[in-house]
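Below is the file input.pdb, which contains PDB, C-alpha atoms.
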ATOM      1  CA  MET S  11      76.249  -0.590 124.068
ATOM      2  CA  PRO S  12      79.396  -2.309 122.762
ATOM      3  CA  VAL S  13      80.907  -0.634 119.721
ATOM      4  CA  ILE S  14      83.697  -2.364 117.855
ATOM      5  CA  ARG S  15      85.804   0.166 115.993
ATOM      6  CA  ALA S  16      87.258  -0.706 112.580
ATOM      7  CA  THR S  17      90.721  -0.590 114.115
ATOM      8  CA  GLU S  18      89.691  -3.345 116.549
ATOM      9  CA  ALA S  19      88.557  -5.837 113.877
ATOM     10  CA  ARG S  20      90.567  -9.059 114.069
ATOM     11  CA  ARG S  21      92.217 -10.457 110.915
ATOM     12  CA  SER S  22      92.954 -14.164 110.439
ATOM     13  CA  ALA S  23      94.824 -15.246 107.317
ATOM     14  CA  THR S  24      94.971 -18.708 105.765
ATOM     15  CA  PRO S  25      96.608 -19.718 102.491
ATOM     16  CA  ASN S  26      93.143 -19.436 100.872
ATOM     17  CA  ALA S  27      91.552 -16.305 102.333
ATOM     18  CA  VAL S  28      91.596 -13.536 104.910
ATOM     19  CA  MET S  29      88.808 -13.453 107.475
ATOM     20  CA  THR S  30      88.100 -10.193 109.303
ATOM     21  CA  THR S  31      86.054 -10.566 112.474
ATOM     22  CA  PHE S  32      83.678  -7.673 113.176
ATOM     23  CA  ALA S  33      81.802  -9.141 116.179
ATOM     24  CA  SER S  34      82.099 -12.336 118.229
ATOM     25  CA  PRO S  35      82.022 -13.450 121.875
ATOM     26  CA  THR S  36      85.629 -12.250 122.317
ATOM     27  CA  LEU S  37      85.135  -9.106 120.223
ATOM     28  CA  GLY S  38      82.303  -7.027 121.661
ATOM     29  CA  GLY S  39      80.758  -9.847 123.695
ATOM     30  CA  ALA S  40      78.383 -10.627 120.807
ATOM     31  CA  GLY S  41      75.899 -13.498 120.881
ATOM     32  CA  GLN S  42      76.352 -13.967 117.132
ATOM     33  CA  VAL S  43      79.423 -13.918 114.953
ATOM     34  CA  LEU S  44      79.922 -11.591 111.984
ATOM     35  CA  TRP S  45      82.958 -11.736 109.707
ATOM     36  CA  ARG S  46      84.171 -10.854 106.224
ATOM     37  CA  VAL S  47      85.888 -13.256 103.839
ATOM     38  CA  ASP S  48      88.283 -11.948 101.173
ATOM     39  CA  MET S  49      89.299 -14.700  98.753
ATOM     40  CA  ALA S  50      91.669 -13.986  95.870
ATOM     41  CA  PRO S  51      90.893 -15.091  92.302
ATOM     42  CA  GLY S  52      91.167 -18.840  91.750
ATOM     43  CA  LYS S  53      91.548 -19.752  95.434
ATOM     44  CA  GLU S  54      89.423 -22.379  97.138
ATOM     45  CA  GLY S  55      88.617 -23.185 100.726
ATOM     46  CA  PRO S  56      88.957 -26.720 102.068
ATOM     47  CA  LEU S  57      86.106 -29.197 102.093
ATOM     48  CA  HIS S  58      84.609 -29.044 105.584
ATOM     49  CA  ALA S  59      81.359 -28.966 107.581
ATOM     50  CA  PHE S  60      80.148 -26.543 110.243
ATOM     51  CA  GLU S  61      77.947 -27.428 113.243
ATOM     52  CA  ALA S  62      75.665 -24.408 112.827
ATOM     53  CA  GLU S  63      73.858 -22.634 110.017
ATOM     54  CA  GLN S  64      75.882 -19.965 108.210
ATOM     55  CA  ILE S  65      74.555 -17.157 106.023
ATOM     56  CA  TRP S  66      76.900 -15.796 103.343
ATOM     57  CA  THR S  67      76.239 -12.669 101.236
ATOM     58  CA  LEU S  68      78.619 -11.845  98.403
ATOM     59  CA  LEU S  69      79.482  -8.156  98.348
ATOM     60  CA  GLU S  70      81.884  -8.243  95.383
ATOM     61  CA  GLY S  71      83.054 -10.757  92.794
ATOM     62  CA  GLY S  72      81.795 -14.265  92.279
ATOM     63  CA  ALA S  73      82.055 -17.725  93.811
ATOM     64  CA  THR S  74      80.884 -21.277  93.429
ATOM     65  CA  VAL S  75      79.710 -23.081  96.543
ATOM     66  CA  ASP S  76      79.605 -26.872  96.591
ATOM     67  CA  LEU S  77      77.011 -27.649  99.246
ATOM     68  CA  ALA S  78      76.613 -31.396  99.797
ATOM     69  CA  GLY S  79      77.406 -32.025  96.133
ATOM     70  CA  GLU S  80      75.140 -29.291  94.724
ATOM     71  CA  LYS S  81      77.150 -26.566  92.977
ATOM     72  CA  ILE S  82      75.726 -23.062  93.342
ATOM     73  CA  ASP S  83      77.140 -20.076  91.429
ATOM     74  CA  LEU S  84      76.970 -16.768  93.280
ATOM     75  CA  VAL S  85      77.511 -13.171  92.171
ATOM     76  CA  ALA S  86      77.628  -9.923  94.137
ATOM     77  CA  GLY S  87      74.338  -9.407  95.975
ATOM     78  CA  ASP S  88      73.483 -13.122  96.232
ATOM     79  CA  THR S  89      72.960 -14.768  99.623
ATOM     80  CA  VAL S  90      73.273 -18.460 100.402
ATOM     81  CA  VAL S  91      72.007 -20.106 103.589
ATOM     82  CA  MET S  92      74.245 -23.067 104.424
ATOM     83  CA  PRO S  93      72.475 -25.516 106.752
ATOM     84  CA  ALA S  94      74.390 -27.009 109.654
ATOM     85  CA  ASP S  95      76.464 -30.152 109.141
ATOM     86  CA  LEU S  96      76.385 -30.233 105.329
ATOM     87  CA  PRO S  97      79.754 -30.702 103.602
ATOM     88  CA  ARG S  98      80.757 -27.478 101.871
ATOM     89  CA  GLN S  99      83.544 -26.006  99.809
ATOM     90  CA  VAL S 100      83.831 -22.457  98.458
ATOM     91  CA  PHE S 101      85.660 -21.600  95.226
ATOM     92  CA  ALA S 102      86.532 -18.005  94.290
ATOM     93  CA  ASP S 103      85.880 -16.838  90.746
ATOM     94  CA  ALA S 104      89.052 -17.245  88.680
ATOM     95  CA  GLN S 105      88.932 -13.628  87.445
ATOM     96  CA  SER S 106      87.489 -11.596  90.314
ATOM     97  CA  GLY S 107      87.742 -13.579  93.537
ATOM     98  CA  PHE S 108      85.147 -12.448  96.065
ATOM     99  CA  ILE S 109      84.367 -10.531  99.212
ATOM    100  CA  ALA S 110      81.562 -11.864 101.397
ATOM    101  CA  ILE S 111      80.008 -11.082 104.746
ATOM    102  CA  VAL S 112      79.147 -14.128 106.872
ATOM    103  CA  THR S 113      77.160 -14.659 110.049
ATOM    104  CA  ALA S 114      76.593 -17.673 112.278
ATOM    105  CA  PRO S 115      75.479 -18.358 115.837
ATOM    106  CA  VAL S 116      78.103 -18.556 118.556
ATOM    107  CA  GLY S 117      79.458 -21.987 119.392
ATOM    108  CA  GLY S 118      79.620 -23.595 115.969
ATOM    109  CA  ARG S 119      82.688 -25.690 115.264
ATOM    110  CA  VAL S 120      84.217 -26.779 111.984
ATOM    111  CA  TYR S 121      85.117 -30.387 111.173
ATOM    112  CA  ASN S 122      86.067 -32.756 108.368
ATOM    113  CA  PRO S 123      83.184 -34.715 106.845
ATOM    114  CA  GLY S 124      84.083 -38.373 107.252
ATOM    115  CA  GLY S 125      86.681 -37.532 109.905
ATOM    116  CA  VAL S 126      89.670 -37.472 107.544
ATOM    117  CA  SER S 127      91.844 -34.407 106.914
ATOM    118  CA  PRO S 128      92.225 -33.433 103.256
ATOM    119  CA  GLU S 129      95.811 -33.467 102.043
ATOM    120  CA  GLY S 130      97.712 -30.191 102.335
ATOM    121  CA  VAL S 131      95.313 -28.297 104.629
ATOM    122  CA  CYS S 132      96.672 -25.360 106.623
ATOM    123  CA  GLU S 133      97.606 -25.443 110.291
ATOM    124  CA  LEU S 134      94.316 -23.774 111.316
ATOM    125  CA  ALA S 135      92.201 -26.606 109.864
ATOM    126  CA  PRO S 136      90.798 -29.400 112.038
ATOM    127  CA  LYS S 137      92.825 -32.609 112.065
ATOM    128  CA  ASP S 138      90.961 -35.805 111.159
ATOM    129  CA  ALA S 139      87.916 -36.198 113.495
ATOM    130  CA  GLU S 140      88.773 -33.099 115.559
ATOM    131  CA  ARG S 141      86.179 -30.306 115.850
ATOM    132  CA  ILE S 142      87.538 -26.790 116.334
ATOM    133  CA  THR S 143      86.407 -23.195 116.640
ATOM    134  CA  PRO S 144      88.204 -21.179 113.952
ATOM    135  CA  PRO S 145      89.894 -18.050 115.345
ATOM    136  CA  TRP S 146      87.704 -15.703 113.288
ATOM    137  CA  ILE S 147      84.546 -16.882 115.090
ATOM    138  CA  ALA S 148      85.903 -17.112 118.631
TER     139      ALA S 148
END

Could I get this file's structure written as structure tokens?
Amino acid sequence: MPVIRATEARRSATPNAVMTTFASPTLGGAGQVLWRVDMAPGKEGPLHAFEAEQIWTLLEGGATVDLAGEKIDLVAGDTVVMPADLPRQVFADAQSGFIAIVTAPVGGRVYNPGGVSPEGVCELAPKDAERITPPWIA
């Protein structure tokens, strides 16, 4: 039985958040991916889409999720199921930020809706019509 020790968790930092991978194909040989997102107050992730369903549960703080144009406010304890291929953007609460746990099936890639990169995205983001596997889910 694979056990991933806390000291083995993989951290990936972007200008917007820190993702800590707990299990993935390259970390424990998992068939699903499980990671934590820590987003500081007032930060926001880039607009993007993901090829597979994701399930997010907020553990602390608050966030607003824009899911295909529908804005959803979340507080600690809330869970949102994000269907595959819908444009999404996550905004951390301006006062508290948030910590969330996220899961998704293996193999999902992230991409830009409409195939155009938003201005000022970080180096880990997909470029234009490119589809990539973020390091925290590999």

Could you check which of S:Ala62, S:Ala114, S:Ala104, S:Val13 is closest to S:Gly38, using all atoms listed in the file? S:Val13

Picked residues, the PyMOL selection byres ((chain S and resi 42) around 9), as a list of chain:residue names: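 So the PyMOL selection byres ((chain S and resi 42) around 9) ends up selecting S:Ala33, S:Ser34, S:Pro35, S:Gly39, S:Ala40, S:Gly41, S:Val43, S:Leu44, S:Thr113, S:Ala114, S:Pro115, S:Val116, S:Gly117, S:Ile147.
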
Convert the current residue selection to file output with C-alpha atoms, as a PDB file, in the frame of the given file.
ATOM      1  CA  ALA S  33      81.802  -9.141 116.179  1.00  0.00           C
ATOM      2  CA  SER S  34      82.099 -12.336 118.229  1.00  0.00           C
ATOM      3  CA  PRO S  35      82.022 -13.450 121.875  1.00  0.00           C
ATOM      4  CA  GLY S  39      80.758  -9.847 123.695  1.00  0.00           C
ATOM      5  CA  ALA S  40      78.383 -10.627 120.807  1.00  0.00           C
ATOM      6  CA  GLY S  41      75.899 -13.498 120.881  1.00  0.00           C
ATOM      7  CA  VAL S  43      79.423 -13.918 114.953  1.00  0.00           C
ATOM      8  CA  LEU S  44      79.922 -11.591 111.984  1.00  0.00           C
ATOM      9  CA  THR S 113      77.160 -14.659 110.049  1.00  0.00           C
ATOM     10  CA  ALA S 114      76.593 -17.673 112.278  1.00  0.00           C
ATOM     11  CA  PRO S 115      75.479 -18.358 115.837  1.00  0.00           C
ATOM     12  CA  VAL S 116      78.103 -18.556 118.556  1.00  0.00           C
ATOM     13  CA  GLY S 117      79.458 -21.987 119.392  1.00  0.00           C
ATOM     14  CA  ILE S 147      84.546 -16.882 115.090  1.00  0.00           C
TER      15      ILE S 147
END

Could you tell me how far atom CA of S:Leu37 lies from atom CA of S:Thr17, in Å and to one decimal?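 Distance reported for this atom pair: 11.9 Å.
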
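The nearest approach to S:Ala94 among the residues S:Met49, S:Ala59, S:Ala23, S:Cys132, with only C-alpha atoms taken into account, belongs to S:Ala59.
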
Between S:Gly118, S:Pro97, S:Pro12, S:Gly124, smallest distance to S:Leu57 by all atoms listed in the file belongs to S:Pro97

Extract, using all atoms listed in the file, all DNA, RNA and protein residues at most 7 Å from S:Phe108, discarding same-chain residues fewer than 5 positions from it, and format them as a short mmCIF file (atom, residue, chain, number, x, y, z; two decimals) with C-alpha atoms, keeping the file's coordinate frame.
data_model
loop_
_atom_site.label_atom_id
_atom_site.label_comp_id
_atom_site.auth_asym_id
_atom_site.auth_seq_id
_atom_site.Cartn_x
_atom_site.Cartn_y
_atom_site.Cartn_z
CA ASP S 48 88.28 -11.95 101.17
CA MET S 49 89.30 -14.70 98.75
CA ALA S 50 91.67 -13.99 95.87
CA LEU S 68 78.62 -11.84 98.40
CA GLU S 70 81.88 -8.24 95.38
CA GLY S 71 83.05 -10.76 92.79
CA GLY S 72 81.80 -14.26 92.28
CA ALA S 73 82.06 -17.73 93.81
CA ALA S 102 86.53 -18.00 94.29
CA ASP S 103 85.88 -16.84 90.75
#

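Between atom CA of S:Ser22 and atom CA of S:Asp83 there is a distance of 25.4 Å.
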
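With only C-alpha atoms as the atoms that count, the residue of S:Tyr121, S:Phe101, S:Trp45, S:Phe60 with the shortest distance to S:Val28 is S:Trp45.
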
Point-to-point distance in Å for atom CA of S:Ile142 and atom CA of S:Pro51: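 It comes out at 26.9 Å.
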
Could you give me, as a list in words, the residues that sit within 10 Å of (75.6, -6.9, 99.3) in the file's coordinates, counting only C-alpha atoms?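 Residues lying no farther than 10 Å from the given point: Trp66, Thr67, Leu68, Leu69, Glu70, Val85, Ala86, Gly87, Asp88, Thr89, Ile109, Ala110 and Ile111 of chain S.
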
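Closest approach to S:Met29 among S:Ile65, S:Pro56, S:Leu134, S:Val47: S:Val47, based on all atoms listed in the file.
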
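If you count only C-alpha atoms and draw a sphere of 12 Å around (95.7, -29.5, 106.2), the protein and nucleic acid residues inside it come out as Thr24, Pro25, Asn26, Gly55, Pro56, Leu57, His58, Tyr121, Asn122, Val126, Ser127, Pro128, Glu129, Gly130, Val131, Cys132, Glu133, Leu134, Ala135, Pro136, Lys137 and Asp138 of chain S.
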
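Across S:Ile82, S:Ala16, S:Ala148, S:Leu77, the tightest approach to S:Asp95 is made by S:Leu77 when counting all atoms listed in the file.
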
Once 5 Å is added on each side, what are the centre and the three edge lengths, in Å to one decimal, of the axis-aligned box enclosing the listed atoms of stretch 131-144 of chain S? Present them as AutoDock Vina command-line options.
--center_x 91.9 --center_y -28.7 --center_z 110.6 --size_x 21.4 --size_y 25.0 --size_z 22.0

Target residues per the PyMOL selection byres ((chain S and resi 78) around 7), formatted as a list in words: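 Residues picked by the PyMOL selection byres ((chain S and resi 78) around 7): Asp76, Leu77, Gly79, Glu80, Leu96, Pro97 and Arg98 of chain S.
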